[in-house]
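The structure appears right after this line, and notes come after that.
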Amino acid sequence: MARDTIVDRFLKQGEKHPNRPAIWYNVDRTWKNYTWADYVNGARNFAGALLKVGFQTGGCTVIMGNNSPEWLIADVGTMVAAGSPAGIYQTSTKEQAHYIAGHCEATVWVIEDLAMFNAMELQGSWDALPHLKKVVMIREADLVERENVVGFQEFLDSGANNQAAVDKSIAAIEPDALATLIYTSGTTGPPKGVMLSHENLAFTAAQAVERIISVEPDDCVVSYLPLSHIAEQMFSLHLPITGGCPVWCCDDMSKVKDTMVIARPTIFLAVPRVWEKFKSALEGRFRAVTGAKAKIAEWAQGVCLEAGRITFEKGADAIPFGLKLQFAAAEKLFASKLRAALGLDRLRVAVTGAAPISKDVLEFFLSCGIPIHEVYGQSEGSGPGRFFDHVNADIERMNEKVARYEGIKKFALLHRDFSVEAGELTPTQKIKRKVVTTNYAEIIEGFYDGLD
């Protein structure tokens with residue numbers, strides 16, 4: 001069987017769709033694109049430049065910057081060179097960033113601009129980073145006077161005539177070899193690196209494309225969450241490369257809405273906090289509406305929610321005929337217009353992940369004609385109204401595999417998620433058991449009712 005890694009799929013997209021847009025980006029309020037051929041050439045040149053500075057098979061780079069074509073090219077380019085990229089959160093302290101660069105023994109550090117370069121104190125000595133040979137600046141390299149600091153395009157140009165070495169590196173990639181490193185944000189200590197192999201990334205992306213999202217070349221996604229996180233890497237890198245669809249890069253969270261309206265994504269990922277912000281903004285707009293429009297919106301939301309629940313639980317064919325007619329009217333008068341205003345008129349799949357999301361947020365968007373699918377390690381998300389049954393079914397399946405005394409006897413679904421604000425979670429989302437026990441003492445005591 002032919003090797004099937006993300007790198008192999010990436011190179012094939014360049015062959016199959018050389019002139020199709022692969023990455024869209026904004027320069028001075030004008031949208032431009034890299035074609036798949038441009039993307040592949042950029043990654044190959046990045047790999048060639050790495051090899052020229054002594055990059056070895058299994059080596060690492062670190063990338064710290066906004067969501068941009070350069071970030072994506074550096075990531076894939078490192079894998080093309082048979083190495084492993086590691087993203088660094090832009091909110092990281094100098095100590096955290098230097099720890100990651102040192103821990104993975106990075107040969108090259110790709111960084112956004114002068115402000116970030118200075119914040120990481122890269123103008124000074126690199127003695128504490130003995131493996132670091134180059135700092136590649138996405139922007140403003142001309143403002144830095146230091147040996148071994150180059151601009152991104154200059155770095156790419158230096159690798160253009162080293163393609164024979166790149167071909168050897170591509171041939172050397174082993175499916176079970178390390179493909180990427182995902183470091184934690186380091187809120188409660190030194191960042192920890194998660195090692196993901198080529199076959200891991202390829203399998204996960206293929207399963208998502210085949211079983212959940214069905215990504216096609218005519219789809220598109222917006223890249224705006226931190227690329228240091230595996231969820232955004234999956235949606236900005238691995239799924240588009242597997243399915244051949246373009247990515248629209250948004251380099252600033254404040255520009256997400258404008259980018260969505262231009263890109264009109266068919267697949268959209270947002271963490272719960274982003275969905276919550278969208279919900280809050282929309283509720284504010286709804287409150288400002290009065291008269292007949294307000295009544296239509298209220299009616300339409302009720303219809304969309306009822307139809308959406310049935311669709312999630314039993315399928316669209318189970319919607320009663322009368323409700324179908326109402327749903328069609330609600331779509332035309334309300335939901336379709338709302339999605340268009342958000343840039344989601346072409347949306348096929350809305351996804352949430354990386355943290356728990358509350359039922360009221362899911363139901364709000366379902367009432368707006370935007371069903372959100374939760375991704376949490378299973379092949380299917382669950383819809384509003386099915387949480388209890390879904391959890392209960394999972395527990396019953398698990399209980400069948402263990403002795404009776406080991407099984408779960410009782411459980412409760414809380415009215416809200418654990419939160420940092422309530423003191424139940426640490427900043428890195430770890431549970432504080434003592435606080436949870438205190439906050440939910442009555443519920444926990446209820447588990448023991450009837451027992452001696």
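By convention in this document, the chains of the structure tokens carry letters A, B, ... by their order, each chain's residues are numbered from 1, and ligands are numbered from 1 in the order they are shown.
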Show me a table, sorted first by chain and then by increasing residue number, of the residues of stretch 300-410 of chain A having an atom at most 8 Å from stretch 246-261 of chain A, each with its shortest atom pair and the distance in Å to one decimal, counting only C-alpha atoms and written as JSON lines.
```
{"residue": "A:Ala340", "atom": "CA", "partner": "A:Val261", "partner_atom": "CA", "distance": 7.8}
{"residue": "A:Ala341", "atom": "CA", "partner": "A:Val261", "partner_atom": "CA", "distance": 7.3}
{"residue": "A:Leu342", "atom": "CA", "partner": "A:Val261", "partner_atom": "CA", "distance": 6.2}
{"residue": "A:Gly343", "atom": "CA", "partner": "A:Val261", "partner_atom": "CA", "distance": 3.8}
{"residue": "A:Leu344", "atom": "CA", "partner": "A:Met260", "partner_atom": "CA", "distance": 7.2}
```
Would you mind listing what lies within 8 Å of A:Val361 as number ranges by chain, with only C-alpha atoms counted and same-chain residues fewer than 3 positions away left out?
A: 275-276, 279, 357-358, 364-365
Selection near A:Leu338, 10 Å with only C-alpha atoms, sequence-local residues under 4 positions removed, as a PyMOL selection string:
chain A and resi 282+331-334+342-345+368-370
Save the residues we just selected, N, CA, C and O atoms, as a PDB file, in the first residue's frame?
```
ATOM      1  N   LEU A 282     -25.834  38.387  19.337  1.00  0.00           N
ATOM      2  CA  LEU A 282     -27.105  38.207  18.639  1.00  0.00           C
ATOM      3  C   LEU A 282     -28.287  38.513  19.549  1.00  0.00           C
ATOM      4  O   LEU A 282     -29.277  39.126  19.122  1.00  0.00           O
ATOM      5  N   GLU A 331     -37.370  29.469   7.952  1.00  0.00           N
ATOM      6  CA  GLU A 331     -36.085  29.541   7.257  1.00  0.00           C
ATOM      7  C   GLU A 331     -36.052  30.753   6.329  1.00  0.00           C
ATOM      8  O   GLU A 331     -35.081  31.515   6.314  1.00  0.00           O
ATOM      9  N   LYS A 332     -37.120  30.935   5.575  1.00  0.00           N
ATOM     10  CA  LYS A 332     -37.147  32.019   4.593  1.00  0.00           C
ATOM     11  C   LYS A 332     -37.213  33.388   5.262  1.00  0.00           C
ATOM     12  O   LYS A 332     -36.515  34.324   4.855  1.00  0.00           O
ATOM     13  N   LEU A 333     -38.033  33.511   6.284  1.00  0.00           N
ATOM     14  CA  LEU A 333     -38.261  34.811   6.914  1.00  0.00           C
ATOM     15  C   LEU A 333     -37.186  35.201   7.928  1.00  0.00           C
ATOM     16  O   LEU A 333     -36.963  36.386   8.181  1.00  0.00           O
ATOM     17  N   PHE A 334     -36.515  34.211   8.515  1.00  0.00           N
ATOM     18  CA  PHE A 334     -35.621  34.514   9.633  1.00  0.00           C
ATOM     19  C   PHE A 334     -34.249  33.854   9.524  1.00  0.00           C
ATOM     20  O   PHE A 334     -33.219  34.546   9.418  1.00  0.00           O
ATOM     21  N   LEU A 342     -24.311  36.721   9.020  1.00  0.00           N
ATOM     22  CA  LEU A 342     -23.132  36.223   9.730  1.00  0.00           C
ATOM     23  C   LEU A 342     -22.064  35.668   8.793  1.00  0.00           C
ATOM     24  O   LEU A 342     -20.971  35.307   9.236  1.00  0.00           O
ATOM     25  N   GLY A 343     -22.369  35.574   7.513  1.00  0.00           N
ATOM     26  CA  GLY A 343     -21.444  34.952   6.574  1.00  0.00           C
ATOM     27  C   GLY A 343     -21.547  33.442   6.589  1.00  0.00           C
ATOM     28  O   GLY A 343     -20.633  32.737   6.127  1.00  0.00           O
ATOM     29  N   LEU A 344     -22.667  32.916   7.099  1.00  0.00           N
ATOM     30  CA  LEU A 344     -22.831  31.468   7.226  1.00  0.00           C
ATOM     31  C   LEU A 344     -23.940  30.931   6.314  1.00  0.00           C
ATOM     32  O   LEU A 344     -24.515  29.881   6.577  1.00  0.00           O
ATOM     33  N   ASP A 345     -24.224  31.642   5.228  1.00  0.00           N
ATOM     34  CA  ASP A 345     -25.292  31.205   4.334  1.00  0.00           C
ATOM     35  C   ASP A 345     -24.943  29.925   3.580  1.00  0.00           C
ATOM     36  O   ASP A 345     -25.831  29.211   3.105  1.00  0.00           O
ATOM     37  N   CYS A 368     -31.724  29.298  15.763  1.00  0.00           N
ATOM     38  CA  CYS A 368     -31.361  30.228  14.687  1.00  0.00           C
ATOM     39  C   CYS A 368     -31.071  29.488  13.382  1.00  0.00           C
ATOM     40  O   CYS A 368     -30.586  30.085  12.421  1.00  0.00           O
ATOM     41  N   GLY A 369     -31.333  28.205  13.361  1.00  0.00           N
ATOM     42  CA  GLY A 369     -31.079  27.416  12.152  1.00  0.00           C
ATOM     43  C   GLY A 369     -29.624  27.059  11.961  1.00  0.00           C
ATOM     44  O   GLY A 369     -29.184  26.801  10.838  1.00  0.00           O
ATOM     45  N   ILE A 370     -28.861  27.036  13.069  1.00  0.00           N
ATOM     46  CA  ILE A 370     -27.441  26.697  13.004  1.00  0.00           C
ATOM     47  C   ILE A 370     -27.159  25.560  13.991  1.00  0.00           C
ATOM     48  O   ILE A 370     -26.797  25.802  15.148  1.00  0.00           O
TER      49      ILE A 370
END
```
I'd like the contact shell of A:Arg44 - 10 Å cut-off, only C-alpha atoms, skipping same-chain residues fewer than 2 positions apart - returned as a ChimeraX atom specification.
/A:11,38-42,46-50,73-74,76-81,156,159-160,162-163,166-167,170
Restrict the selected residues to N, CA, C and O atoms and save them as a JSON list (two decimals), in the first residue's frame.
```json
[["chain", "number", "residue", "atom", "x", "y", "z"],
["A", 11, "LEU", "N", 1.17, 17.10, -1.30],
["A", 11, "LEU", "CA", 1.83, 17.12, -2.61],
["A", 11, "LEU", "C", 0.87, 16.74, -3.73],
["A", 11, "LEU", "O", 0.92, 17.31, -4.83],
["A", 38, "ASP", "N", 1.41, 27.24, -5.45],
["A", 38, "ASP", "CA", 2.17, 28.19, -4.64],
["A", 38, "ASP", "C", 2.46, 27.63, -3.25],
["A", 38, "ASP", "O", 3.56, 27.76, -2.72],
["A", 39, "TYR", "N", 1.43, 27.04, -2.67],
["A", 39, "TYR", "CA", 1.51, 26.47, -1.31],
["A", 39, "TYR", "C", 2.58, 25.37, -1.27],
["A", 39, "TYR", "O", 3.46, 25.37, -0.39],
["A", 40, "VAL", "N", 2.51, 24.48, -2.24],
["A", 40, "VAL", "CA", 3.47, 23.37, -2.29],
["A", 40, "VAL", "C", 4.89, 23.90, -2.52],
["A", 40, "VAL", "O", 5.85, 23.48, -1.86],
["A", 41, "ASN", "N", 5.03, 24.83, -3.46],
["A", 41, "ASN", "CA", 6.35, 25.39, -3.73],
["A", 41, "ASN", "C", 6.91, 26.10, -2.49],
["A", 41, "ASN", "O", 8.10, 25.98, -2.18],
["A", 42, "GLY", "N", 6.04, 26.83, -1.79],
["A", 42, "GLY", "CA", 6.48, 27.51, -0.58],
["A", 42, "GLY", "C", 6.96, 26.54, 0.48],
["A", 42, "GLY", "O", 8.01, 26.74, 1.10],
["A", 46, "PHE", "N", 10.69, 26.12, 1.88],
["A", 46, "PHE", "CA", 10.95, 26.23, 3.31],
["A", 46, "PHE", "C", 11.75, 25.01, 3.77],
["A", 46, "PHE", "O", 12.74, 25.15, 4.52],
["A", 47, "ALA", "N", 11.36, 23.83, 3.31],
["A", 47, "ALA", "CA", 12.09, 22.61, 3.65],
["A", 47, "ALA", "C", 13.52, 22.68, 3.13],
["A", 47, "ALA", "O", 14.47, 22.31, 3.84],
["A", 48, "GLY", "N", 13.69, 23.16, 1.90],
["A", 48, "GLY", "CA", 15.03, 23.27, 1.33],
["A", 48, "GLY", "C", 15.91, 24.22, 2.12],
["A", 48, "GLY", "O", 17.11, 23.95, 2.34],
["A", 49, "ALA", "N", 15.33, 25.32, 2.60],
["A", 49, "ALA", "CA", 16.08, 26.27, 3.41],
["A", 49, "ALA", "C", 16.46, 25.66, 4.76],
["A", 49, "ALA", "O", 17.57, 25.88, 5.26],
["A", 50, "LEU", "N", 15.55, 24.90, 5.35],
["A", 50, "LEU", "CA", 15.87, 24.20, 6.60],
["A", 50, "LEU", "C", 17.07, 23.29, 6.43],
["A", 50, "LEU", "O", 18.00, 23.29, 7.24],
["A", 73, "ILE", "N", 2.69, 27.46, 5.81],
["A", 73, "ILE", "CA", 3.82, 27.01, 4.99],
["A", 73, "ILE", "C", 4.96, 26.50, 5.86],
["A", 73, "ILE", "O", 5.57, 25.47, 5.56],
["A", 74, "ALA", "N", 5.23, 27.20, 6.96],
["A", 74, "ALA", "CA", 6.30, 26.77, 7.86],
["A", 74, "ALA", "C", 5.97, 25.43, 8.50],
["A", 74, "ALA", "O", 6.85, 24.56, 8.66],
["A", 76, "VAL", "N", 3.84, 22.94, 7.38],
["A", 76, "VAL", "CA", 3.91, 21.84, 6.42],
["A", 76, "VAL", "C", 5.34, 21.69, 5.88],
["A", 76, "VAL", "O", 5.81, 20.57, 5.67],
["A", 77, "GLY", "N", 6.03, 22.82, 5.69],
["A", 77, "GLY", "CA", 7.40, 22.76, 5.20],
["A", 77, "GLY", "C", 8.31, 21.99, 6.13],
["A", 77, "GLY", "O", 9.22, 21.28, 5.68],
["A", 78, "THR", "N", 8.08, 22.12, 7.42],
["A", 78, "THR", "CA", 8.89, 21.36, 8.38],
["A", 78, "THR", "C", 8.62, 19.87, 8.24],
["A", 78, "THR", "O", 9.55, 19.05, 8.27],
["A", 79, "MET", "N", 7.36, 19.50, 8.05],
["A", 79, "MET", "CA", 7.03, 18.08, 7.85],
["A", 79, "MET", "C", 7.61, 17.57, 6.54],
["A", 79, "MET", "O", 8.06, 16.42, 6.45],
["A", 80, "VAL", "N", 7.60, 18.41, 5.50],
["A", 80, "VAL", "CA", 8.20, 18.02, 4.22],
["A", 80, "VAL", "C", 9.68, 17.72, 4.39],
["A", 80, "VAL", "O", 10.23, 16.83, 3.72],
["A", 81, "ALA", "N", 10.33, 18.43, 5.31],
["A", 81, "ALA", "CA", 11.76, 18.20, 5.58],
["A", 81, "ALA", "C", 11.97, 17.03, 6.54],
["A", 81, "ALA", "O", 13.07, 16.85, 7.09],
["A", 156, "LEU", "N", 12.74, 31.48, 2.22],
["A", 156, "LEU", "CA", 12.19, 30.60, 1.18],
["A", 156, "LEU", "C", 13.08, 30.61, -0.06],
["A", 156, "LEU", "O", 13.37, 29.54, -0.64],
["A", 159, "GLY", "N", 16.04, 28.34, -0.21],
["A", 159, "GLY", "CA", 15.83, 26.89, -0.33],
["A", 159, "GLY", "C", 15.39, 26.44, -1.70],
["A", 159, "GLY", "O", 15.25, 25.24, -1.95],
["A", 160, "ALA", "N", 15.18, 27.40, -2.61],
["A", 160, "ALA", "CA", 14.64, 27.06, -3.93],
["A", 160, "ALA", "C", 15.56, 26.16, -4.74],
["A", 160, "ALA", "O", 15.09, 25.33, -5.53],
["A", 162, "ASN", "N", 17.52, 23.83, -3.59],
["A", 162, "ASN", "CA", 17.93, 22.66, -2.79],
["A", 162, "ASN", "C", 16.87, 21.57, -2.84],
["A", 162, "ASN", "O", 16.67, 20.83, -1.87],
["A", 163, "GLN", "N", 16.22, 21.45, -3.98],
["A", 163, "GLN", "CA", 15.07, 20.56, -4.07],
["A", 163, "GLN", "C", 15.42, 19.07, -4.15],
["A", 163, "GLN", "O", 14.61, 18.22, -3.78],
["A", 166, "VAL", "N", 15.35, 18.01, -0.73],
["A", 166, "VAL", "CA", 13.98, 17.95, -0.25],
["A", 166, "VAL", "C", 13.33, 16.63, -0.66],
["A", 166, "VAL", "O", 12.64, 15.98, 0.13],
["A", 167, "ASP", "N", 13.57, 16.21, -1.90],
["A", 167, "ASP", "CA", 13.01, 14.93, -2.37],
["A", 167, "ASP", "C", 13.50, 13.77, -1.50],
["A", 167, "ASP", "O", 12.73, 12.85, -1.19],
["A", 170, "ILE", "N", 11.56, 13.88, 1.80],
["A", 170, "ILE", "CA", 10.20, 13.38, 1.63],
["A", 170, "ILE", "C", 10.20, 11.85, 1.59],
["A", 170, "ILE", "O", 9.38, 11.19, 2.23]]
```
Mind checking which residues fall within 12 Å of A:Val351, counting only C-alpha atoms, ignoring those fewer than 4 positions away in the same chain, and posting them as a VMD selection string?
chain A and resid 208 212 to 213 221 231 to 232 235 266 to 272 274 to 275 347 355 357 362 365 370 to 376 380 to 383
As an mmCIF file with C-alpha atoms, in the first residue's frame, please: every residue in stretch 157-254 of chain A that DSSP puts in strand (DSSP E).
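Once written, out.cif looks like this:
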```cif
data_model
loop_
_atom_site.group_PDB
_atom_site.id
_atom_site.type_symbol
_atom_site.label_atom_id
_atom_site.label_comp_id
_atom_site.auth_asym_id
_atom_site.auth_seq_id
_atom_site.Cartn_x
_atom_site.Cartn_y
_atom_site.Cartn_z
ATOM 1 C CA LEU A 178 6.888 12.176 14.804
ATOM 2 C CA ALA A 179 4.968 14.667 12.644
ATOM 3 C CA THR A 180 4.100 17.501 15.004
ATOM 4 C CA LEU A 181 4.415 18.601 18.616
ATOM 5 C CA ILE A 182 1.486 20.214 20.415
ATOM 6 C CA TYR A 183 2.539 22.064 23.552
ATOM 7 C CA GLY A 193 4.560 18.479 24.518
ATOM 8 C CA VAL A 194 2.167 15.971 22.934
ATOM 9 C CA MET A 195 3.798 13.872 20.223
ATOM 10 C CA LEU A 196 1.656 13.090 17.168
ATOM 11 C CA SER A 197 2.832 10.823 14.365
ATOM 12 C CA VAL A 221 -12.822 27.190 6.281
ATOM 13 C CA VAL A 222 -11.781 30.288 8.227
ATOM 14 C CA SER A 223 -8.567 30.010 10.257
ATOM 15 C CA VAL A 247 -8.375 28.224 4.010
ATOM 16 C CA TRP A 248 -9.145 31.884 4.700
ATOM 17 C CA CYS A 249 -6.631 33.299 7.168
#
```
Assign secondary structure with DSSP using the backbone only, and return the residues of stretch 180-254 of chain A in helix (DSSP H, G or I) as a PDB file with N, CA and C atoms, in the first residue's frame.
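Produced file out.pdb, reproduced below:
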```
ATOM      1  N   HIS A 198       2.805  10.900  11.958  1.00  0.00           N
ATOM      2  CA  HIS A 198       2.207  11.128  10.637  1.00  0.00           C
ATOM      3  C   HIS A 198       0.948  10.286  10.458  1.00  0.00           C
ATOM      4  N   GLU A 199       0.990   9.025  10.872  1.00  0.00           N
ATOM      5  CA  GLU A 199      -0.176   8.167  10.679  1.00  0.00           C
ATOM      6  C   GLU A 199      -1.326   8.593  11.589  1.00  0.00           C
ATOM      7  N   ASN A 200      -0.995   9.149  12.755  1.00  0.00           N
ATOM      8  CA  ASN A 200      -2.032   9.656  13.649  1.00  0.00           C
ATOM      9  C   ASN A 200      -2.785  10.805  12.985  1.00  0.00           C
ATOM     10  N   LEU A 201      -2.054  11.803  12.485  1.00  0.00           N
ATOM     11  CA  LEU A 201      -2.689  12.949  11.831  1.00  0.00           C
ATOM     12  C   LEU A 201      -3.483  12.525  10.596  1.00  0.00           C
ATOM     13  N   ALA A 202      -2.888  11.648   9.798  1.00  0.00           N
ATOM     14  CA  ALA A 202      -3.532  11.220   8.557  1.00  0.00           C
ATOM     15  C   ALA A 202      -4.808  10.431   8.840  1.00  0.00           C
ATOM     16  N   PHE A 203      -4.748   9.534   9.820  1.00  0.00           N
ATOM     17  CA  PHE A 203      -5.918   8.720  10.154  1.00  0.00           C
ATOM     18  C   PHE A 203      -7.048   9.601  10.683  1.00  0.00           C
ATOM     19  N   THR A 204      -6.723  10.503  11.605  1.00  0.00           N
ATOM     20  CA  THR A 204      -7.744  11.366  12.200  1.00  0.00           C
ATOM     21  C   THR A 204      -8.415  12.232  11.143  1.00  0.00           C
ATOM     22  N   ALA A 205      -7.619  12.833  10.264  1.00  0.00           N
ATOM     23  CA  ALA A 205      -8.184  13.680   9.208  1.00  0.00           C
ATOM     24  C   ALA A 205      -9.037  12.869   8.242  1.00  0.00           C
ATOM     25  N   ALA A 206      -8.565  11.677   7.881  1.00  0.00           N
ATOM     26  CA  ALA A 206      -9.317  10.832   6.941  1.00  0.00           C
ATOM     27  C   ALA A 206     -10.649  10.399   7.542  1.00  0.00           C
ATOM     28  N   GLN A 207     -10.638  10.021   8.825  1.00  0.00           N
ATOM     29  CA  GLN A 207     -11.878   9.614   9.483  1.00  0.00           C
ATOM     30  C   GLN A 207     -12.868  10.773   9.538  1.00  0.00           C
ATOM     31  N   ALA A 208     -12.362  11.963   9.826  1.00  0.00           N
ATOM     32  CA  ALA A 208     -13.240  13.137   9.886  1.00  0.00           C
ATOM     33  C   ALA A 208     -13.858  13.426   8.529  1.00  0.00           C
ATOM     34  N   VAL A 209     -13.033  13.353   7.480  1.00  0.00           N
ATOM     35  CA  VAL A 209     -13.513  13.635   6.129  1.00  0.00           C
ATOM     36  C   VAL A 209     -14.500  12.576   5.651  1.00  0.00           C
ATOM     37  N   GLU A 210     -14.227  11.319   5.966  1.00  0.00           N
ATOM     38  CA  GLU A 210     -15.061  10.226   5.470  1.00  0.00           C
ATOM     39  C   GLU A 210     -16.338  10.027   6.280  1.00  0.00           C
ATOM     40  N   ARG A 211     -16.276  10.287   7.591  1.00  0.00           N
ATOM     41  CA  ARG A 211     -17.388   9.915   8.445  1.00  0.00           C
ATOM     42  C   ARG A 211     -18.180  11.091   9.016  1.00  0.00           C
ATOM     43  N   ILE A 212     -17.554  12.270   9.095  1.00  0.00           N
ATOM     44  CA  ILE A 212     -18.218  13.365   9.803  1.00  0.00           C
ATOM     45  C   ILE A 212     -18.464  14.577   8.911  1.00  0.00           C
ATOM     46  N   ILE A 213     -17.418  15.086   8.291  1.00  0.00           N
ATOM     47  CA  ILE A 213     -17.515  16.393   7.640  1.00  0.00           C
ATOM     48  C   ILE A 213     -17.567  16.320   6.121  1.00  0.00           C
ATOM     49  N   ILE A 230      -4.265  21.894  18.552  1.00  0.00           N
ATOM     50  CA  ILE A 230      -4.483  20.821  17.575  1.00  0.00           C
ATOM     51  C   ILE A 230      -5.826  20.963  16.862  1.00  0.00           C
ATOM     52  N   ALA A 231      -6.845  21.517  17.535  1.00  0.00           N
ATOM     53  CA  ALA A 231      -8.148  21.670  16.881  1.00  0.00           C
ATOM     54  C   ALA A 231      -8.048  22.598  15.677  1.00  0.00           C
ATOM     55  N   GLU A 232      -7.391  23.751  15.848  1.00  0.00           N
ATOM     56  CA  GLU A 232      -7.251  24.669  14.719  1.00  0.00           C
ATOM     57  C   GLU A 232      -6.313  24.104  13.667  1.00  0.00           C
ATOM     58  N   GLN A 233      -5.287  23.378  14.074  1.00  0.00           N
ATOM     59  CA  GLN A 233      -4.421  22.737  13.082  1.00  0.00           C
ATOM     60  C   GLN A 233      -5.206  21.731  12.241  1.00  0.00           C
ATOM     61  N   MET A 234      -6.092  20.987  12.884  1.00  0.00           N
ATOM     62  CA  MET A 234      -6.888  20.021  12.132  1.00  0.00           C
ATOM     63  C   MET A 234      -7.757  20.721  11.091  1.00  0.00           C
ATOM     64  N   PHE A 235      -8.377  21.852  11.487  1.00  0.00           N
ATOM     65  CA  PHE A 235      -9.298  22.539  10.578  1.00  0.00           C
ATOM     66  C   PHE A 235      -8.589  23.464   9.594  1.00  0.00           C
ATOM     67  N   SER A 236      -7.391  23.914   9.913  1.00  0.00           N
ATOM     68  CA  SER A 236      -6.663  24.825   9.020  1.00  0.00           C
ATOM     69  C   SER A 236      -5.646  24.112   8.146  1.00  0.00           C
ATOM     70  N   LEU A 237      -5.167  22.964   8.601  1.00  0.00           N
ATOM     71  CA  LEU A 237      -4.112  22.244   7.887  1.00  0.00           C
ATOM     72  C   LEU A 237      -4.561  20.880   7.384  1.00  0.00           C
ATOM     73  N   HIS A 238      -4.843  19.978   8.303  1.00  0.00           N
ATOM     74  CA  HIS A 238      -4.994  18.572   7.936  1.00  0.00           C
ATOM     75  C   HIS A 238      -6.275  18.262   7.169  1.00  0.00           C
ATOM     76  N   LEU A 239      -7.405  18.856   7.583  1.00  0.00           N
ATOM     77  CA  LEU A 239      -8.650  18.623   6.839  1.00  0.00           C
ATOM     78  C   LEU A 239      -8.614  19.278   5.460  1.00  0.00           C
ATOM     79  N   PRO A 240      -8.219  20.562   5.335  1.00  0.00           N
ATOM     80  CA  PRO A 240      -8.133  21.159   3.993  1.00  0.00           C
ATOM     81  C   PRO A 240      -7.161  20.422   3.077  1.00  0.00           C
ATOM     82  N   ILE A 241      -6.040  19.970   3.624  1.00  0.00           N
ATOM     83  CA  ILE A 241      -5.068  19.224   2.798  1.00  0.00           C
ATOM     84  C   ILE A 241      -5.658  17.889   2.370  1.00  0.00           C
ATOM     85  N   THR A 242      -6.404  17.239   3.251  1.00  0.00           N
ATOM     86  CA  THR A 242      -7.016  15.956   2.920  1.00  0.00           C
ATOM     87  C   THR A 242      -8.138  16.118   1.915  1.00  0.00           C
ATOM     88  N   GLY A 243      -8.962  17.140   2.091  1.00  0.00           N
ATOM     89  CA  GLY A 243     -10.113  17.329   1.205  1.00  0.00           C
ATOM     90  C   GLY A 243      -9.884  18.274   0.049  1.00  0.00           C
ATOM     91  N   MET A 253      -8.609  38.402  15.887  1.00  0.00           N
ATOM     92  CA  MET A 253      -9.939  37.968  16.309  1.00  0.00           C
ATOM     93  C   MET A 253     -11.009  39.027  16.055  1.00  0.00           C
ATOM     94  N   SER A 254     -10.605  40.292  16.062  1.00  0.00           N
ATOM     95  CA  SER A 254     -11.584  41.361  15.827  1.00  0.00           C
ATOM     96  C   SER A 254     -12.071  41.385  14.379  1.00  0.00           C
TER      97      SER A 254
END
```
Which residues are close to A:Pro191, i.e. within 9 Å by only C-alpha atoms, leaving aside same-chain residues fewer than 6 positions away? Reply as a list in words.
Gln96, Ala97, Tyr99, Ile100, Tyr183, Thr184 and Ser185 of chain A
Next, the residues of the selection above should be written as a short mmCIF file (atom, residue, chain, number, x, y, z; two decimals), in the first residue's frame with N, CA, C and O atoms.
```
data_model
loop_
_atom_site.label_atom_id
_atom_site.label_comp_id
_atom_site.auth_asym_id
_atom_site.auth_seq_id
_atom_site.Cartn_x
_atom_site.Cartn_y
_atom_site.Cartn_z
N GLN A 96 8.34 30.76 28.84
CA GLN A 96 7.62 29.62 28.29
C GLN A 96 8.05 29.33 26.85
O GLN A 96 8.26 28.17 26.47
N ALA A 97 8.17 30.40 26.05
CA ALA A 97 8.55 30.23 24.66
C ALA A 97 9.96 29.66 24.53
O ALA A 97 10.23 28.75 23.73
N TYR A 99 11.48 27.93 26.75
CA TYR A 99 11.45 26.54 27.23
C TYR A 99 11.05 25.60 26.10
O TYR A 99 11.69 24.55 25.90
N ILE A 100 10.02 25.96 25.34
CA ILE A 100 9.56 25.10 24.24
C ILE A 100 10.65 24.98 23.18
O ILE A 100 10.96 23.88 22.71
N TYR A 183 2.19 21.70 22.17
CA TYR A 183 2.54 22.06 23.55
C TYR A 183 1.35 22.71 24.25
O TYR A 183 0.60 23.48 23.65
N THR A 184 1.20 22.40 25.54
CA THR A 184 0.17 23.04 26.35
C THR A 184 0.54 24.50 26.57
O THR A 184 1.69 24.90 26.33
N SER A 185 -0.43 25.28 27.04
CA SER A 185 -0.19 26.72 27.21
C SER A 185 0.73 27.04 28.38
O SER A 185 1.21 28.16 28.50
#
```
Within 7 Å of stretch 432-449 of chain A, counting only C-alpha atoms, which residues show up once you throw out same-chain ones fewer than 4 positions away? Write them as a ChimeraX atom specification, please.
/A:410,423-426
Based on the selection just made, write C-alpha atoms of those residues as a PDB file, in the first residue's frame.
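To be explicit, this is the file written out as result08.pdb:
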```pdb
ATOM      1  CA  LYS A 410     -25.968   7.054  39.559  1.00  0.00           C
ATOM      2  CA  GLY A 423     -13.334  28.251  41.293  1.00  0.00           C
ATOM      3  CA  GLU A 424     -14.059  24.727  40.029  1.00  0.00           C
ATOM      4  CA  LEU A 425     -11.433  24.736  37.276  1.00  0.00           C
ATOM      5  CA  THR A 426      -7.834  25.852  37.059  1.00  0.00           C
TER       6      THR A 426
END
```
Taking only C-alpha atoms into account, which of A:Thr30, A:Glu363, A:Thr35, A:Ile63 comes nearest A:Gln13?
A:Thr35
Any idea what the distance is between atom CA of A:Glu147 and atom CA of A:Gly102?
19.5 Å
Could you tell me how far atom CA of A:Ala300 sits from atom CA of A:Ala288, in Å to one decimal place?
16.7 Å
Kindly give the distance, in Å, that separates atom CA of A:Asp127 and atom CA of A:His98, rounded to a single decimal.
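Straight-line distance from atom CA of A:Asp127 to atom CA of A:His98 works out to 11.3 Å.
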